[in-house]
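To start, the structure itself, in structure tokens.
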Amino acid sequence: MRYASIATGVLATAVLAVPLAAPAMADSSSPAAVSAVKGDHVRGDISHEFSGGHEERKNHDVQLQKALDAIVKAGAPGVVAEVRDADGAWRGHSGKADLKQNDPTRNDGLFRIGSVTKTFVSTVVLQLVQEGKMKLDDSVERHLPGLVPNGENVTVRQLLSHRSGLHSYTDTLWGAGMRGFYDTRFKTYTPHQLIADSSENAPTFAPGTDGHYSNTNYILLGMLIEKVTGNTAKTEVGERIIEPLGLDRTSFPGKSTRINGPHANGYMRLDGATSPYTDVTDYSTSWAWTAGAMISDTRDLNTFYKALVTGKLLPASLMKEMKSTQALDDGGQYGLGLAKFDNPAFGTAYGHVGGAPGFATHSFTLADGSRQVTVSINAMADTDEENKAAGQAVKTLLTLGSKAE
């Protein structure tokens, strides 16, 4: 596992890159294939707020459930999702929230959103640019003198777009395996410690010459927010985004190691794809901070991304900057805290992928804001089959109701 994929969007390249085939059908042996809880078999149900015709609603319900069942069949413990458009919302779930108790997942469950946090942080940074508190082409050195080597040549824009070349501290933070994370999961880190860990390693490339996903960039952006505002990054995200949009189930956990509210347990395979799942629900997210510490639910994330792409949070000029993408070295198209995906099935979608220990989140909106899709899996993917099922689900759900369906 690449540590850069923890609390990041490194998996973004694979998310929408699978063929446009129908999602796998759950068979009678699948733990997601029966219509009610019965022994070890758990199947989610669909709830909806829908104003369309009965047949169209039924068709969308079936497609949503098939897509979620396929993720569980591929190996995930459980999954929850919401699809929202002008006709209403579909919410579904499949699989288990607790592997010991066999509790089913639930539509209102909270989860760690990993690097989806980055879009919240980038939005705050761009609002500060709009207010004249910093410029996109300001150097890190100007605001945080002496903090990073060559800081005079690293710009705010390069941090936002992962073109700084700074080493990602999560590539080396826990050593050679995920047991390193597990054994230190309650350890507290400061942002300065994370930057110091990054600075012990040589840059990946000269600033602006290439693109490589680095969590270090977004820790620095959090520090920039605090330096120019005099407030915590948590306060700025709360007052600028969470409160105005009414995202009452979205939060920075701060010092808490728990998810406070209904949620699925989060699982990891600590010794590779063939090892059993270990519960990693509770841990300190200080190592992730503004790179990936936030908690939310499907409804709030869909609300956020719709508000963002329809111009409720940033002026058109800065949204244009945010959506101006360049290729990263993993093949993904990345703007300023926002990933872009083009596909014949649905056109263009913007959003982010987030992986945090125990959870994988995929949250996207069509470019015109007409449909939002958020999928949360209560485990990080370890196999190509798991990644493919998640990617296919996102594709299928973004395509609902289109001519390509």
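Going by the structure tokens order, chains are called A, B, ..., each with residues numbered from 1, while ligands are numbered from 1 in the order shown.
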Return as a Markdown table the residues of range 267-379 of chain A lying at most 7 Å from range 80-83 of chain A, together with the closest atom-to-atom pair for each and the distance in Å to one decimal, counting only C-alpha atoms, with rows in chain order and ascending residue number.
```
| residue | atom | partner | partner_atom | distance |
| --- | --- | --- | --- | --- |
| A:Thr298 | CA | A:Glu82 | CA | 5.7 |
| A:Arg299 | CA | A:Glu82 | CA | 6.6 |
| A:Gln372 | CA | A:Val83 | CA | 5.7 |
| A:Val373 | CA | A:Val83 | CA | 4.7 |
| A:Thr374 | CA | A:Ala81 | CA | 5.5 |
| A:Val375 | CA | A:Ala81 | CA | 4.4 |
| A:Ser376 | CA | A:Val80 | CA | 5.4 |
| A:Ile377 | CA | A:Val80 | CA | 6.7 |
```
What does the file look like for those residues with N, CA and C atoms, as a short mmCIF file (atom, residue, chain, number, x, y, z; two decimals), in the first residue's frame?
```
data_model
loop_
_atom_site.label_atom_id
_atom_site.label_comp_id
_atom_site.auth_asym_id
_atom_site.auth_seq_id
_atom_site.Cartn_x
_atom_site.Cartn_y
_atom_site.Cartn_z
N THR A 298 -22.94 11.23 3.91
CA THR A 298 -23.17 11.33 2.47
C THR A 298 -23.96 12.57 2.10
N ARG A 299 -24.97 12.91 2.89
CA ARG A 299 -25.82 14.05 2.57
C ARG A 299 -25.02 15.36 2.64
N GLN A 372 -25.13 14.70 -7.62
CA GLN A 372 -24.03 14.44 -6.70
C GLN A 372 -24.08 12.98 -6.28
N VAL A 373 -22.89 12.41 -6.10
CA VAL A 373 -22.77 11.02 -5.66
C VAL A 373 -21.70 10.94 -4.58
N THR A 374 -22.05 10.38 -3.44
CA THR A 374 -21.07 10.10 -2.40
C THR A 374 -21.21 8.65 -1.97
N VAL A 375 -20.08 7.95 -1.97
CA VAL A 375 -20.02 6.54 -1.57
C VAL A 375 -18.98 6.41 -0.47
N SER A 376 -19.35 5.79 0.64
CA SER A 376 -18.40 5.55 1.73
C SER A 376 -18.33 4.06 2.04
N ILE A 377 -17.12 3.53 2.04
CA ILE A 377 -16.86 2.13 2.33
C ILE A 377 -16.11 2.07 3.66
#
```
Can you tell me which residues surround Met134 in chain A at a distance of at most 9 Å, considering only C-alpha atoms, apart from same-chain residues fewer than 4 positions away, and format the answer as a list in words? Val125, Leu126, Leu128, Val129, Gln130, Asp138, His143, Val156 and Val228 of chain A
Which is closer to Ile241 in chain A than all the others in A:Asp300, A:Asp210, A:Glu141, A:Asp61, using only C-alpha atoms?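 Going through A:Asp300, A:Asp210, A:Glu141, A:Asp61 one by one, the smallest distance to Ile241 in chain A is for A:Asp300.
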Where does DSSP see alpha helix (DSSP H) in range 345-389 of chain A, if you list the residues as an NGL selection string? :A and (384-389)
From the list A:Met223, A:Ala367, A:Ala196, A:Ala339, the nearest residue to Val309 in chain A using only C-alpha atoms is A:Ala367
Using only C-alpha atoms, what table do you get, as JSON lines, when you list each residue of range 83-155 of chain A with an atom no more than 9 Å from range 162-175 of chain A, its nearest pair of atoms, and their distance in Å rounded to one decimal, rows by chain then rising number?
```
{"residue": "A:Val148", "atom": "CA", "partner": "A:Leu166", "partner_atom": "CA", "distance": 8.8}
{"residue": "A:Asn153", "atom": "CA", "partner": "A:Ser164", "partner_atom": "CA", "distance": 8.7}
{"residue": "A:Val154", "atom": "CA", "partner": "A:Ser164", "partner_atom": "CA", "distance": 5.8}
{"residue": "A:Thr155", "atom": "CA", "partner": "A:Ser164", "partner_atom": "CA", "distance": 7.4}
```
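For the pair CA of Ser251 in chain A and CA of His93 in chain A, the interatomic distance is 22.3 Å.
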Which neighbours of Ile259 in chain A fall inside 9 Å, counting only C-alpha atoms, when residues of the same chain fewer than 6 positions from it are skipped, and could you give them as JSON, numbers by chain? {"A": [110, 111, 112, 253, 281, 282, 295]}
Please extract the residues of range 212-374 of chain A with a backbone DSSP assignment of strand (DSSP E or B) and present them as a tab-separated table (two decimals) with all heavy atoms, in the first residue's frame.
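And here's part_33.tsv as it stands now:
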```tsv
chain	number	residue	atom	x	y	z
A	251	SER	N	-17.50	17.69	10.67
A	251	SER	CA	-16.68	18.25	11.74
A	251	SER	C	-15.22	17.89	11.57
A	251	SER	O	-14.86	16.96	10.85
A	251	SER	CB	-17.16	17.72	13.10
A	251	SER	OG	-16.95	16.31	13.17
A	263	HIS	N	-22.29	5.33	13.34
A	263	HIS	CA	-21.26	5.11	12.33
A	263	HIS	C	-20.97	3.62	12.23
A	263	HIS	O	-21.21	2.85	13.16
A	263	HIS	CB	-19.97	5.85	12.70
A	263	HIS	CG	-19.36	5.39	13.99
A	263	HIS	ND1	-19.75	5.91	15.22
A	263	HIS	CD2	-18.39	4.47	14.26
A	263	HIS	CE1	-19.05	5.33	16.18
A	263	HIS	NE2	-18.23	4.44	15.62
A	267	TYR	N	-12.37	-0.71	9.12
A	267	TYR	CA	-11.52	-1.90	9.13
A	267	TYR	C	-10.33	-1.74	8.18
A	267	TYR	O	-10.41	-1.05	7.17
A	267	TYR	CB	-12.32	-3.14	8.74
A	267	TYR	CG	-13.41	-3.48	9.74
A	267	TYR	CD1	-14.71	-3.02	9.56
A	267	TYR	CD2	-13.12	-4.22	10.88
A	267	TYR	CE1	-15.71	-3.32	10.48
A	267	TYR	CE2	-14.10	-4.52	11.81
A	267	TYR	CZ	-15.39	-4.07	11.61
A	267	TYR	OH	-16.36	-4.35	12.53
A	268	MET	N	-9.24	-2.43	8.54
A	268	MET	CA	-8.06	-2.52	7.69
A	268	MET	C	-7.50	-3.93	7.74
A	268	MET	O	-7.64	-4.62	8.75
A	268	MET	CB	-6.96	-1.55	8.15
A	268	MET	CG	-7.22	-0.10	7.89
A	268	MET	SD	-5.75	0.92	8.24
A	268	MET	CE	-4.71	0.45	6.85
A	269	ARG	N	-6.86	-4.33	6.65
A	269	ARG	CA	-6.05	-5.54	6.65
A	269	ARG	C	-4.61	-5.11	6.92
A	269	ARG	O	-3.99	-4.47	6.07
A	269	ARG	CB	-6.18	-6.25	5.30
A	269	ARG	CG	-7.59	-6.70	4.94
A	269	ARG	CD	-7.58	-7.42	3.59
A	269	ARG	NE	-8.89	-7.86	3.17
A	269	ARG	CZ	-9.63	-7.23	2.26
A	269	ARG	NH1	-9.18	-6.09	1.73
A	269	ARG	NH2	-10.80	-7.69	1.89
A	277	TYR	N	-9.59	-8.68	8.52
A	277	TYR	CA	-9.85	-7.30	8.87
A	277	TYR	C	-9.59	-7.07	10.36
A	277	TYR	O	-9.95	-7.88	11.21
A	277	TYR	CB	-11.30	-6.92	8.56
A	277	TYR	CG	-11.53	-6.55	7.11
A	277	TYR	CD1	-12.47	-7.24	6.34
A	277	TYR	CD2	-10.84	-5.50	6.53
A	277	TYR	CE1	-12.70	-6.88	5.02
A	277	TYR	CE2	-11.06	-5.15	5.20
A	277	TYR	CZ	-12.00	-5.83	4.45
A	277	TYR	OH	-12.21	-5.47	3.16
A	278	THR	N	-9.00	-5.91	10.67
A	278	THR	CA	-8.81	-5.44	12.04
A	278	THR	C	-9.59	-4.15	12.22
A	278	THR	O	-9.55	-3.27	11.35
A	278	THR	CB	-7.32	-5.20	12.34
A	278	THR	OG1	-6.60	-6.43	12.22
A	278	THR	CG2	-7.12	-4.62	13.73
A	279	ASP	N	-10.28	-4.03	13.33
A	279	ASP	CA	-11.05	-2.82	13.62
A	279	ASP	C	-10.08	-1.68	13.95
A	279	ASP	O	-9.30	-1.75	14.90
A	279	ASP	CB	-11.99	-3.08	14.80
A	279	ASP	CG	-12.98	-1.95	15.03
A	279	ASP	OD1	-12.64	-0.79	14.76
A	279	ASP	OD2	-14.10	-2.24	15.50
A	295	ILE	N	-14.68	14.47	9.43
A	295	ILE	CA	-15.75	13.47	9.53
A	295	ILE	C	-17.01	14.08	8.92
A	295	ILE	O	-17.29	15.26	9.09
A	295	ILE	CB	-15.99	13.08	10.99
A	295	ILE	CG1	-14.79	12.30	11.55
A	295	ILE	CG2	-17.27	12.26	11.16
A	295	ILE	CD1	-14.81	12.11	13.05
A	296	SER	N	-17.79	13.26	8.19
A	296	SER	CA	-19.02	13.78	7.61
A	296	SER	C	-19.97	12.62	7.30
A	296	SER	O	-19.77	11.50	7.78
A	296	SER	CB	-18.70	14.59	6.33
A	296	SER	OG	-19.84	15.29	5.87
A	326	GLN	N	-4.22	19.88	-14.10
A	326	GLN	CA	-3.01	19.38	-14.74
A	326	GLN	C	-2.83	17.93	-14.32
A	326	GLN	O	-3.35	17.51	-13.28
A	326	GLN	CB	-1.79	20.20	-14.32
A	326	GLN	CG	-1.80	21.64	-14.82
A	326	GLN	CD	-0.60	22.41	-14.29
A	326	GLN	OE1	-0.57	22.82	-13.14
A	326	GLN	NE2	0.40	22.61	-15.14
A	327	ALA	N	-2.06	17.19	-15.10
A	327	ALA	CA	-1.87	15.77	-14.80
A	327	ALA	C	-0.88	15.60	-13.65
A	327	ALA	O	0.16	16.26	-13.61
A	327	ALA	CB	-1.37	15.04	-16.03
A	333	GLN	N	-6.16	13.94	-13.08
A	333	GLN	CA	-6.26	15.35	-13.41
A	333	GLN	C	-6.65	16.12	-12.16
A	333	GLN	O	-7.72	15.89	-11.60
A	333	GLN	CB	-7.28	15.56	-14.53
A	333	GLN	CG	-6.83	15.09	-15.89
A	333	GLN	CD	-5.71	15.95	-16.46
A	333	GLN	OE1	-5.71	17.17	-16.32
A	333	GLN	NE2	-4.74	15.31	-17.10
A	334	TYR	N	-5.78	17.03	-11.72
A	334	TYR	CA	-5.97	17.68	-10.43
A	334	TYR	C	-5.86	19.19	-10.58
A	334	TYR	O	-4.93	19.70	-11.21
A	334	TYR	CB	-4.92	17.18	-9.43
A	334	TYR	CG	-5.33	17.35	-7.98
A	334	TYR	CD1	-6.07	16.37	-7.33
A	334	TYR	CD2	-4.99	18.50	-7.28
A	334	TYR	CE1	-6.45	16.52	-6.00
A	334	TYR	CE2	-5.35	18.65	-5.94
A	334	TYR	CZ	-6.09	17.66	-5.31
A	334	TYR	OH	-6.46	17.81	-4.00
A	339	ALA	N	-10.34	17.23	-8.02
A	339	ALA	CA	-10.01	16.31	-9.11
A	339	ALA	C	-11.08	16.38	-10.19
A	339	ALA	O	-12.26	16.61	-9.91
A	339	ALA	CB	-9.89	14.89	-8.58
A	340	LYS	N	-10.67	16.19	-11.44
A	340	LYS	CA	-11.59	16.25	-12.58
A	340	LYS	C	-11.58	14.92	-13.31
A	340	LYS	O	-10.53	14.31	-13.50
A	340	LYS	CB	-11.15	17.36	-13.54
A	340	LYS	CG	-11.95	17.43	-14.82
A	340	LYS	CD	-11.33	18.45	-15.77
A	340	LYS	CE	-12.04	18.48	-17.11
A	340	LYS	NZ	-11.39	19.40	-18.07
A	341	PHE	N	-12.78	14.48	-13.71
A	341	PHE	CA	-12.92	13.25	-14.48
A	341	PHE	C	-13.85	13.49	-15.65
A	341	PHE	O	-14.96	14.01	-15.46
A	341	PHE	CB	-13.44	12.11	-13.62
A	341	PHE	CG	-12.52	11.78	-12.49
A	341	PHE	CD1	-12.75	12.27	-11.22
A	341	PHE	CD2	-11.40	11.00	-12.70
A	341	PHE	CE1	-11.89	12.00	-10.18
A	341	PHE	CE2	-10.53	10.71	-11.67
A	341	PHE	CZ	-10.77	11.21	-10.40
A	342	ASP	N	-13.40	13.14	-16.83
A	342	ASP	CA	-14.23	13.22	-18.03
A	342	ASP	C	-14.56	11.80	-18.48
A	342	ASP	O	-13.69	10.93	-18.51
A	342	ASP	CB	-13.48	13.95	-19.15
A	342	ASP	CG	-13.25	15.41	-18.85
A	342	ASP	OD1	-14.21	16.09	-18.46
A	342	ASP	OD2	-12.10	15.86	-18.99
A	343	ASN	N	-15.82	11.58	-18.84
A	343	ASN	CA	-16.24	10.27	-19.29
A	343	ASN	C	-17.45	10.42	-20.20
A	343	ASN	O	-18.34	11.23	-19.90
A	343	ASN	CB	-16.58	9.38	-18.09
A	343	ASN	CG	-16.74	7.93	-18.48
A	343	ASN	OD1	-17.80	7.54	-18.96
A	343	ASN	ND2	-15.70	7.14	-18.31
A	347	GLY	N	-20.12	12.97	-18.94
A	347	GLY	CA	-19.48	14.24	-19.23
A	347	GLY	C	-18.32	14.50	-18.29
A	347	GLY	O	-17.37	13.72	-18.24
A	348	THR	N	-18.40	15.57	-17.52
A	348	THR	CA	-17.34	15.95	-16.60
A	348	THR	C	-17.86	15.94	-15.17
A	348	THR	O	-18.96	16.41	-14.90
A	348	THR	CB	-16.80	17.35	-16.92
A	348	THR	OG1	-16.21	17.34	-18.23
A	348	THR	CG2	-15.74	17.80	-15.91
A	349	ALA	N	-17.06	15.39	-14.28
A	349	ALA	CA	-17.38	15.39	-12.84
A	349	ALA	C	-16.19	15.93	-12.07
A	349	ALA	O	-15.02	15.75	-12.47
A	349	ALA	CB	-17.71	13.99	-12.36
A	350	TYR	N	-16.50	16.62	-10.98
A	350	TYR	CA	-15.47	17.13	-10.08
A	350	TYR	C	-15.71	16.57	-8.69
A	350	TYR	O	-16.85	16.35	-8.28
A	350	TYR	CB	-15.50	18.66	-10.02
A	350	TYR	CG	-15.10	19.34	-11.29
A	350	TYR	CD1	-16.07	19.83	-12.17
A	350	TYR	CD2	-13.76	19.50	-11.63
A	350	TYR	CE1	-15.71	20.46	-13.35
A	350	TYR	CE2	-13.40	20.13	-12.81
A	350	TYR	CZ	-14.36	20.62	-13.66
A	350	TYR	OH	-14.01	21.24	-14.83
A	351	GLY	N	-14.62	16.39	-7.95
A	351	GLY	CA	-14.76	15.91	-6.58
A	351	GLY	C	-13.44	15.48	-6.01
A	351	GLY	O	-12.38	15.99	-6.39
A	352	HIS	N	-13.48	14.50	-5.14
A	352	HIS	CA	-12.25	14.03	-4.49
A	352	HIS	C	-12.48	12.62	-3.96
A	352	HIS	O	-13.62	12.22	-3.68
A	352	HIS	CB	-11.84	14.95	-3.35
A	352	HIS	CG	-10.36	15.15	-3.23
A	352	HIS	ND1	-9.52	14.16	-2.79
A	352	HIS	CD2	-9.59	16.23	-3.48
A	352	HIS	CE1	-8.27	14.63	-2.78
A	352	HIS	NE2	-8.28	15.89	-3.20
A	353	VAL	N	-11.38	11.90	-3.81
A	353	VAL	CA	-11.38	10.59	-3.15
A	353	VAL	C	-10.64	10.74	-1.83
A	353	VAL	O	-9.68	11.51	-1.74
A	353	VAL	CB	-10.67	9.54	-4.03
A	353	VAL	CG1	-10.53	8.22	-3.29
A	353	VAL	CG2	-11.43	9.34	-5.32
A	354	GLY	N	-11.10	10.08	-0.80
A	354	GLY	CA	-10.43	10.13	0.48
A	354	GLY	C	-10.24	8.75	1.07
A	354	GLY	O	-11.19	7.97	1.15
A	355	GLY	N	-9.00	8.45	1.44
A	355	GLY	CA	-8.72	7.20	2.13
A	355	GLY	C	-8.14	7.49	3.50
A	355	GLY	O	-7.12	8.17	3.60
A	356	ALA	N	-8.78	7.05	4.54
A	356	ALA	CA	-8.25	7.12	5.90
A	356	ALA	C	-8.32	5.72	6.47
A	356	ALA	O	-9.18	4.94	6.06
A	356	ALA	CB	-9.08	8.09	6.75
A	359	PHE	N	-11.63	3.63	6.28
A	359	PHE	CA	-12.68	4.21	5.45
A	359	PHE	C	-12.13	4.66	4.09
A	359	PHE	O	-11.00	5.14	4.00
A	359	PHE	CB	-13.32	5.43	6.14
A	359	PHE	CG	-13.99	5.08	7.44
A	359	PHE	CD1	-13.30	5.16	8.63
A	359	PHE	CD2	-15.32	4.66	7.46
A	359	PHE	CE1	-13.89	4.82	9.83
A	359	PHE	CE2	-15.93	4.31	8.65
A	359	PHE	CZ	-15.22	4.40	9.84
A	360	ALA	N	-12.96	4.51	3.06
A	360	ALA	CA	-12.66	5.04	1.74
A	360	ALA	C	-13.88	5.79	1.24
A	360	ALA	O	-15.00	5.27	1.27
A	360	ALA	CB	-12.31	3.91	0.77
A	361	THR	N	-13.68	7.03	0.82
A	361	THR	CA	-14.78	7.90	0.41
A	361	THR	C	-14.58	8.36	-1.02
A	361	THR	O	-13.46	8.71	-1.41
A	361	THR	CB	-14.87	9.13	1.33
A	361	THR	OG1	-15.04	8.70	2.68
A	361	THR	CG2	-16.02	10.03	0.93
A	362	HIS	N	-15.67	8.36	-1.78
A	362	HIS	CA	-15.67	8.85	-3.16
A	362	HIS	C	-16.82	9.85	-3.25
A	362	HIS	O	-17.98	9.47	-3.09
A	362	HIS	CB	-15.90	7.71	-4.15
A	362	HIS	CG	-15.00	6.53	-3.92
A	362	HIS	ND1	-13.88	6.29	-4.67
A	362	HIS	CD2	-15.06	5.52	-3.01
A	362	HIS	CE1	-13.28	5.19	-4.24
A	362	HIS	NE2	-13.97	4.71	-3.23
A	363	SER	N	-16.50	11.13	-3.51
A	363	SER	CA	-17.55	12.14	-3.55
A	363	SER	C	-17.35	13.02	-4.77
A	363	SER	O	-16.31	13.67	-4.93
A	363	SER	CB	-17.51	12.99	-2.27
A	363	SER	OG	-18.68	13.78	-2.15
A	364	PHE	N	-18.37	13.04	-5.66
A	364	PHE	CA	-18.27	13.75	-6.93
A	364	PHE	C	-19.58	14.42	-7.28
A	364	PHE	O	-20.65	13.98	-6.86
A	364	PHE	CB	-17.90	12.77	-8.06
A	364	PHE	CG	-16.57	12.11	-7.86
A	364	PHE	CD1	-16.49	10.87	-7.24
A	364	PHE	CD2	-15.41	12.74	-8.25
A	364	PHE	CE1	-15.27	10.26	-7.04
A	364	PHE	CE2	-14.18	12.14	-8.05
A	364	PHE	CZ	-14.11	10.90	-7.44
A	365	THR	N	-19.46	15.47	-8.07
A	365	THR	CA	-20.64	16.13	-8.61
A	365	THR	C	-20.43	16.36	-10.10
A	365	THR	O	-19.30	16.61	-10.55
A	365	THR	CB	-20.90	17.48	-7.91
A	365	THR	OG1	-22.06	18.09	-8.48
A	365	THR	CG2	-19.72	18.43	-8.03
A	366	LEU	N	-21.50	16.27	-10.87
A	366	LEU	CA	-21.40	16.63	-12.28
A	366	LEU	C	-21.07	18.11	-12.38
A	366	LEU	O	-21.42	18.92	-11.51
A	366	LEU	CB	-22.70	16.32	-13.00
A	366	LEU	CG	-23.09	14.82	-13.08
A	366	LEU	CD1	-24.37	14.64	-13.88
A	366	LEU	CD2	-21.96	13.99	-13.69
A	371	ARG	N	-26.10	16.52	-10.50
A	371	ARG	CA	-26.16	15.26	-9.74
A	371	ARG	C	-24.92	15.16	-8.86
A	371	ARG	O	-23.82	15.47	-9.30
A	371	ARG	CB	-26.24	14.05	-10.65
A	371	ARG	CG	-26.14	12.71	-9.88
A	371	ARG	CD	-26.38	11.49	-10.74
A	371	ARG	NE	-27.78	11.41	-11.10
A	371	ARG	CZ	-28.24	11.53	-12.34
A	371	ARG	NH1	-27.40	11.71	-13.33
A	371	ARG	NH2	-29.53	11.45	-12.59
A	372	GLN	N	-25.13	14.70	-7.62
A	372	GLN	CA	-24.03	14.44	-6.70
A	372	GLN	C	-24.08	12.98	-6.28
A	372	GLN	O	-25.16	12.41	-6.11
A	372	GLN	CB	-24.13	15.33	-5.45
A	372	GLN	CG	-23.93	16.81	-5.71
A	372	GLN	CD	-25.14	17.46	-6.35
A	372	GLN	OE1	-26.27	17.28	-5.90
A	372	GLN	NE2	-24.92	18.21	-7.43
A	373	VAL	N	-22.89	12.41	-6.10
A	373	VAL	CA	-22.77	11.02	-5.66
A	373	VAL	C	-21.70	10.94	-4.58
A	373	VAL	O	-20.58	11.42	-4.77
A	373	VAL	CB	-22.36	10.10	-6.83
A	373	VAL	CG1	-22.03	8.70	-6.32
A	373	VAL	CG2	-23.46	10.04	-7.88
A	374	THR	N	-22.05	10.38	-3.44
A	374	THR	CA	-21.07	10.10	-2.40
A	374	THR	C	-21.21	8.65	-1.97
A	374	THR	O	-22.31	8.18	-1.67
A	374	THR	CB	-21.24	11.02	-1.18
A	374	THR	OG1	-20.98	12.37	-1.58
A	374	THR	CG2	-20.27	10.64	-0.07
```
Would you mind reading off the distance between CA of Asp183 in chain A and CA of Thr383 in chain A, one decimal, in Å?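 Spanning CA of Asp183 in chain A to CA of Thr383 in chain A is a straight-line distance of 23.3 Å.
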Can you pull out the residues contacting Ile71 in chain A? Cut-off 7 Å, using only C-alpha atoms, and skip same-chain residues under 6 positions away; I want them as number ranges by chain. A: 386, 389-390
Counting only C-alpha atoms, the residue of A:Lys96, A:Lys58, A:Lys118, A:Lys388 that sits nearest Leu336 in chain A: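 Ranking A:Lys96, A:Lys58, A:Lys118, A:Lys388 by distance to Leu336 in chain A, first place goes to A:Lys118.
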Between CA of Thr290 in chain A and CA of Pro203 in chain A, what distance in Å does the model show, to one decimal?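 CA of Pro203 in chain A lies at a distance of 20.7 Å from CA of Thr290 in chain A.
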Selection near Val72 in chain A, 8 Å with only C-alpha atoms, sequence-local residues under 3 positions removed, as a PyMOL selection string: chain A and resi 31-32+68-69+75-79+94-95
Atoms kept (all heavy atoms) for selection, written as a CSV table (one decimal), in the first residue's frame:
```csv
chain,number,residue,atom,x,y,z
A,31,PRO,N,-22.9,-12.0,0.7
A,31,PRO,CA,-23.4,-11.4,1.9
A,31,PRO,C,-24.3,-10.2,1.8
A,31,PRO,O,-24.9,-9.7,2.7
A,31,PRO,CB,-22.1,-11.1,2.7
A,31,PRO,CG,-21.1,-10.9,1.7
A,31,PRO,CD,-21.4,-11.8,0.6
A,32,ALA,N,-24.4,-9.7,0.5
A,32,ALA,CA,-25.2,-8.5,0.3
A,32,ALA,C,-26.4,-8.9,-0.6
A,32,ALA,O,-27.1,-8.0,-1.1
A,32,ALA,CB,-24.4,-7.5,-0.4
A,68,LEU,N,-24.0,-1.1,-5.0
A,68,LEU,CA,-23.5,-1.2,-3.6
A,68,LEU,C,-23.2,-2.7,-3.2
A,68,LEU,O,-22.2,-3.0,-2.6
A,68,LEU,CB,-24.5,-0.6,-2.6
A,68,LEU,CG,-24.8,0.9,-2.9
A,68,LEU,CD1,-25.6,1.4,-1.7
A,68,LEU,CD2,-23.5,1.7,-3.0
A,69,ASP,N,-24.1,-3.6,-3.7
A,69,ASP,CA,-23.9,-5.0,-3.4
A,69,ASP,C,-22.6,-5.5,-4.1
A,69,ASP,O,-21.9,-6.3,-3.5
A,69,ASP,CB,-25.1,-5.8,-4.0
A,69,ASP,CG,-26.4,-5.6,-3.2
A,69,ASP,OD1,-26.3,-5.0,-2.1
A,69,ASP,OD2,-27.4,-6.1,-3.6
A,75,GLY,N,-15.4,-7.6,-1.6
A,75,GLY,CA,-14.6,-7.8,-0.4
A,75,GLY,C,-14.8,-6.8,0.7
A,75,GLY,O,-14.2,-6.9,1.8
A,76,ALA,N,-15.5,-5.7,0.5
A,76,ALA,CA,-15.6,-4.6,1.5
A,76,ALA,C,-16.6,-5.1,2.6
A,76,ALA,O,-17.6,-5.8,2.3
A,76,ALA,CB,-16.2,-3.4,0.9
A,77,PRO,N,-16.4,-4.7,3.8
A,77,PRO,CA,-17.3,-5.1,4.9
A,77,PRO,C,-18.7,-4.5,4.6
A,77,PRO,O,-19.7,-5.2,4.7
A,77,PRO,CB,-16.7,-4.5,6.1
A,77,PRO,CG,-15.3,-4.3,5.8
A,77,PRO,CD,-15.2,-4.0,4.4
A,78,GLY,N,-18.8,-3.2,4.3
A,78,GLY,CA,-20.0,-2.5,4.1
A,78,GLY,C,-19.9,-1.2,3.3
A,78,GLY,O,-18.7,-0.7,3.1
A,79,VAL,N,-21.0,-0.6,2.9
A,79,VAL,CA,-20.9,0.6,2.1
A,79,VAL,C,-22.3,1.4,2.3
A,79,VAL,O,-23.3,0.7,2.5
A,79,VAL,CB,-20.7,0.3,0.6
A,79,VAL,CG1,-21.8,-0.7,0.1
A,79,VAL,CG2,-20.6,1.5,-0.2
A,94,SER,N,-25.3,-1.4,2.0
A,94,SER,CA,-25.1,-2.8,1.9
A,94,SER,C,-24.0,-3.3,2.8
A,94,SER,O,-23.1,-2.6,3.1
A,94,SER,CB,-24.8,-3.2,0.4
A,94,SER,OG,-24.7,-4.6,0.2
A,95,GLY,N,-24.1,-4.6,3.2
A,95,GLY,CA,-23.0,-5.2,4.0
A,95,GLY,C,-23.1,-4.8,5.5
A,95,GLY,O,-24.2,-4.5,6.0
```
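When only C-alpha atoms are used to compute distances to Asp368 in chain A, the closest of the residues A:Ala233, A:Val394, A:Ala307, A:Leu64 turns out to be A:Ala307.
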In terms of the shortest atom-to-atom distance over only C-alpha atoms, which of A:Met178, A:Asp330, A:Leu194, A:Tyr218 is closest to Asp382 in chain A?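 For Asp382 in chain A, the nearest of the given residues is A:Met178.
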